[in-house]
Amino acid sequence: MEQLMADLKKQIIEALNLKHLKPENIGDDQPLFGDGLGLDSIDALELIVLLQQNYKVKIDNPQDGPSIFRSVKSIAEYIRANQTA
Amino acid sequence: MANIFITGMGTISPQKTWGDAPLLSEVTEHNSERLACVEPDYTQWFDPRQLRRMSRVLKMGVAAGSMALKEANIAVPDAIITGTGYGCLEDTGIFLTKMVENNEEALNPTPFIQSTHNTIGSLIALMLQCQGYNQTYTQGAFSFENSLLDALMMLKDEPALKVLVGGVDEITDLSHTIQKRFGIFRQQPESNLNLFTTGKGAVNGEGATYFVLSGENTSDSAVGVEAVATFYKADEQTLKQGLDNLLRDANLKVSDIDFVLLGTSGDAGIDKTLLDYTVKMFPESSTGVFKHLSGEHPVASSFAFWLAAKMIQEQTIPSIVMLHDTGRKPKNVLIFNQYFGTHHSFILLKSCRASG
């Protein structure tokens, strides 16, 4: 889980071009949207693509998006729960 | 006397054309097949959160627009008009490449959204919260001229408006590789300063230039825009007739043109035709060139427009530009541009200061 979260932080920085951040600047439980990292709706679409491309994980129900993308930890938990072996 | 004025200018080009240095006091030599822009530090205009989604052409375009607005001392223009032949090539390339790589599934939204030609003008409007007229012209090598024509017509109707008008185009690795296959650009790296003495073919270029135009000379501008005209696949007689019409409308004679800024591109065959026309049409004028500084691209005339305006403003012609010097001061300056021998245009600028 720790390794997955570390990988996700690097991938999020790369995919969203957050050059002003380093992986250690993103807390495991830090909110990604709103007052947290300040991501927006276009970033949410980029994160959906990231999960699909890197982990072959799809989000079937768009209503689940806010809870899945709440933090790096919640994304990692979703990947673990939905990734086929 | 011209009644449409340039009240602000901003340009990012293969020369250091931003900052406070005198006009072309430092000429940048490129030993390359293409001339890439000398770019400023964009963090002076944007915070990192804004910059992270912006491709290079967007940064160049928005920064050039910001420079022009600052010089004109206005926060939000009444209209934004942009000319771009290629549009946002970097994001277009990313979008198309990803489409192939991902088998047309799971496409990244950012390069898709920002791949359209009108992204540059739209982004300027979004950042300024400008809800006025916003138009992008994408008509190849007439894109800037048509943007200018639109602005001039708008200002003839409503002189009080402040219109931001410009031209933006970029080179990417992908676009340059594709264009090189056409054989229109130089195949080997060469110094841009030797462009007109060696080789065959133009040198690829890029740039972003914006101007604020208004029918009211609120900033004591030194430069007025008199006319613009375009000609597609025109012969010498058609160009001569077009020039006569343009000068007649401006109440000028050919002998009133002090300086002609030529769009010779380094391709000896095409350049010879343009130079032959020039010698016949403008026997009394000084002449100069600019594409060794900007490179060839669809909106290279916007760089020429900036250069001509600067020369009129400062009443000097840099030696790097001069081709044939008659000693005349640049009061009436005509840009005579061409693009691969098929597109020709005239843009007439003039000094608005009584003393010259």
# chains A, B, ... in the order shown; residues from 1 in each chain; ligands from 1
call {"tool": "select_by_dssp", "arguments": {"residues": "region 14-46 of chain A", "states": "helix (DSSP H, G or I)", "output": "number ranges by chain"}}
result
A: 14-15, 23-25, 41-46
call {"tool": "residues_around", "arguments": {"residues": "Asp244 (chain B)", "least_positions_apart": "6", "cutoff": "10 Å", "atoms": "only C-alpha atoms", "output": "VMD selection string"}}
result
chain B and resid 238 250 252 to 254 281
call {"tool": "write_last_selection", "arguments": {"atoms": "all heavy atoms", "output": "compact mmCIF listing (two decimals), in the first residue's frame"}}
result
# COMPACT_ATOMS: atom_id res chain seq x y z
N THR B 238 -1.31 42.30 -61.02
CA THR B 238 -2.34 42.31 -59.96
C THR B 238 -1.80 42.98 -58.70
O THR B 238 -2.51 43.77 -58.04
CB THR B 238 -2.79 40.88 -59.65
OG1 THR B 238 -3.16 40.24 -60.87
CG2 THR B 238 -3.95 40.85 -58.67
N ALA B 250 -5.11 55.68 -49.31
CA ALA B 250 -4.36 56.30 -48.21
C ALA B 250 -3.88 57.71 -48.56
O ALA B 250 -3.14 58.33 -47.77
CB ALA B 250 -3.16 55.43 -47.86
N LEU B 252 -1.65 58.57 -50.72
CA LEU B 252 -0.20 58.58 -50.83
C LEU B 252 0.22 58.22 -52.25
O LEU B 252 -0.55 57.61 -53.00
CB LEU B 252 0.41 57.54 -49.87
CG LEU B 252 0.29 57.82 -48.36
CD1 LEU B 252 0.83 56.62 -47.58
CD2 LEU B 252 1.04 59.08 -47.96
N LYS B 253 1.46 58.60 -52.57
CA LYS B 253 2.05 58.18 -53.84
C LYS B 253 3.14 57.14 -53.52
O LYS B 253 3.61 57.06 -52.38
CB LYS B 253 2.69 59.38 -54.55
CG LYS B 253 1.74 60.53 -54.81
CD LYS B 253 2.42 61.63 -55.61
CE LYS B 253 3.52 62.34 -54.86
NZ LYS B 253 3.09 63.10 -53.70
N VAL B 254 3.56 56.39 -54.53
CA VAL B 254 4.60 55.39 -54.30
C VAL B 254 5.85 56.05 -53.72
O VAL B 254 6.51 55.50 -52.85
CB VAL B 254 4.94 54.65 -55.63
CG1 VAL B 254 6.18 53.78 -55.45
CG2 VAL B 254 3.78 53.79 -56.07
N MET B 281 8.63 48.51 -58.41
CA MET B 281 7.50 49.21 -57.78
C MET B 281 7.95 50.36 -56.88
O MET B 281 7.24 51.34 -56.73
CB MET B 281 6.67 48.24 -56.93
CG MET B 281 5.84 47.25 -57.71
SD MET B 281 4.89 46.28 -56.51
CE MET B 281 4.20 45.01 -57.53
call {"tool": "interface_residues", "arguments": {"of": "chain B", "to": "chain A", "cutoff": "8 Å", "atoms": "only C-alpha atoms", "output": "JSON, numbers by chain"}}
result
{"B": [48, 49, 52, 53, 106, 107, 108, 109, 110]}
call {"tool": "atom_distance", "arguments": {"atom1": "CA of Phe46 (chain B)", "atom2": "CA of Leu128 (chain B)"}}
result
12.1 Å
call {"tool": "residues_around", "arguments": {"residues": "Gln315 (chain B)", "least_positions_apart": "2", "cutoff": "12 Å", "atoms": "only C-alpha atoms", "output": "VMD selection string"}}
result
chain B and resid 23 222 to 223 258 to 259 307 to 313 317 to 318 327 to 333 350 to 353 355 to 356
call {"tool": "residues_around", "arguments": {"residues": "Val72 (chain A)", "least_positions_apart": "4", "cutoff": "12 Å", "atoms": "only C-alpha atoms", "output": "count of residues only"}}
result
34
call {"tool": "closest_residue", "arguments": {"among": "B:Met153, B:Ile124, B:Met99, B:Ile257", "to": "Ser285 (chain B)", "atoms": "only C-alpha atoms"}}
result
B:Ile257
call {"tool": "residues_around", "arguments": {"residues": "region 89-93 of chain B", "least_positions_apart": "6", "cutoff": "10 Å", "atoms": "only C-alpha atoms", "output": "JSON, numbers by chain"}}
result
{"B": [54, 55, 56, 57, 58, 99, 110, 111, 112, 113, 114, 115, 116, 117, 169, 170, 171, 172, 173, 174, 175]}
call {"tool": "write_last_selection", "arguments": {"atoms": "N, CA, C and O atoms", "output": "compact mmCIF listing (two decimals), in the first residue's frame"}}
result
# COMPACT_ATOMS: atom_id res chain seq x y z
N MET B 54 -0.65 24.94 -19.52
CA MET B 54 -0.47 25.73 -20.74
C MET B 54 0.68 25.18 -21.58
O MET B 54 1.80 25.05 -21.10
N SER B 55 0.40 24.90 -22.83
CA SER B 55 1.46 24.48 -23.75
C SER B 55 2.29 25.72 -24.10
O SER B 55 1.92 26.86 -23.76
N ARG B 56 3.39 25.51 -24.81
CA ARG B 56 4.31 26.61 -25.09
C ARG B 56 3.64 27.72 -25.89
O ARG B 56 3.80 28.90 -25.59
N VAL B 57 2.84 27.35 -26.90
CA VAL B 57 2.22 28.38 -27.72
C VAL B 57 1.20 29.20 -26.92
O VAL B 57 1.02 30.40 -27.15
N LEU B 58 0.57 28.56 -25.96
CA LEU B 58 -0.38 29.28 -25.11
C LEU B 58 0.36 30.28 -24.22
O LEU B 58 -0.06 31.43 -24.05
N MET B 99 -4.07 9.17 -29.03
CA MET B 99 -5.22 8.48 -29.63
C MET B 99 -4.74 7.15 -30.26
O MET B 99 -5.39 6.11 -30.11
N THR B 110 -6.89 17.21 -21.39
CA THR B 110 -6.25 18.52 -21.51
C THR B 110 -5.75 18.81 -22.93
O THR B 110 -6.11 19.83 -23.51
N PRO B 111 -4.92 17.91 -23.52
CA PRO B 111 -4.48 18.23 -24.89
C PRO B 111 -5.62 18.24 -25.90
O PRO B 111 -5.55 18.97 -26.89
N PHE B 112 -6.67 17.46 -25.65
CA PHE B 112 -7.82 17.49 -26.55
C PHE B 112 -8.49 18.87 -26.50
O PHE B 112 -8.72 19.51 -27.53
N ILE B 113 -8.77 19.33 -25.29
CA ILE B 113 -9.45 20.62 -25.11
C ILE B 113 -8.60 21.74 -25.73
O ILE B 113 -9.12 22.65 -26.36
N GLN B 114 -7.28 21.64 -25.54
CA GLN B 114 -6.41 22.74 -25.93
C GLN B 114 -5.80 22.56 -27.31
O GLN B 114 -4.85 23.25 -27.66
N SER B 115 -6.31 21.65 -28.09
CA SER B 115 -5.76 21.42 -29.42
C SER B 115 -6.40 22.32 -30.48
O SER B 115 -5.89 22.43 -31.59
N THR B 116 -7.49 22.96 -30.14
CA THR B 116 -8.18 23.76 -31.16
C THR B 116 -7.49 25.11 -31.36
O THR B 116 -6.84 25.64 -30.47
N HIS B 117 -7.64 25.65 -32.57
CA HIS B 117 -6.96 26.90 -32.91
C HIS B 117 -7.38 28.06 -32.01
O HIS B 117 -6.59 28.95 -31.75
N ASP B 169 2.04 31.48 -33.87
CA ASP B 169 2.28 30.15 -34.44
C ASP B 169 3.53 29.55 -33.82
O ASP B 169 4.45 30.27 -33.45
N GLU B 170 3.53 28.23 -33.69
CA GLU B 170 4.66 27.54 -33.07
C GLU B 170 5.18 26.43 -33.98
O GLU B 170 4.46 25.93 -34.85
N ILE B 171 6.44 26.05 -33.73
CA ILE B 171 7.01 24.85 -34.35
C ILE B 171 7.08 23.79 -33.25
O ILE B 171 7.43 24.10 -32.13
N THR B 172 6.75 22.56 -33.59
CA THR B 172 7.02 21.45 -32.67
C THR B 172 7.93 20.46 -33.40
O THR B 172 8.08 20.54 -34.63
N ASP B 173 8.50 19.54 -32.66
CA ASP B 173 9.37 18.53 -33.30
C ASP B 173 8.58 17.78 -34.38
O ASP B 173 9.07 17.54 -35.47
N LEU B 174 7.34 17.45 -34.04
CA LEU B 174 6.50 16.68 -34.98
C LEU B 174 6.19 17.50 -36.24
O LEU B 174 6.34 17.02 -37.37
N SER B 175 5.80 18.77 -36.04
CA SER B 175 5.43 19.59 -37.20
C SER B 175 6.65 19.84 -38.08
O SER B 175 6.55 19.82 -39.31
call {"tool": "closest_atom_pairs", "arguments": {"of": "region 69-173 of chain B", "to": "region 224-233 of chain B", "cutoff": "9 Å", "atoms": "only C-alpha atoms", "output": "CSV"}}
result
residue,atom,partner,partner_atom,distance
B:Phe142,CA,B:Thr230,CA,7.2
B:Glu145,CA,B:Val228,CA,6.8
B:Asn146,CA,B:Thr230,CA,8.5
B:Leu148,CA,B:Val228,CA,7.5
B:Leu149,CA,B:Val228,CA,6.5
B:Leu152,CA,B:Ala227,CA,8.3
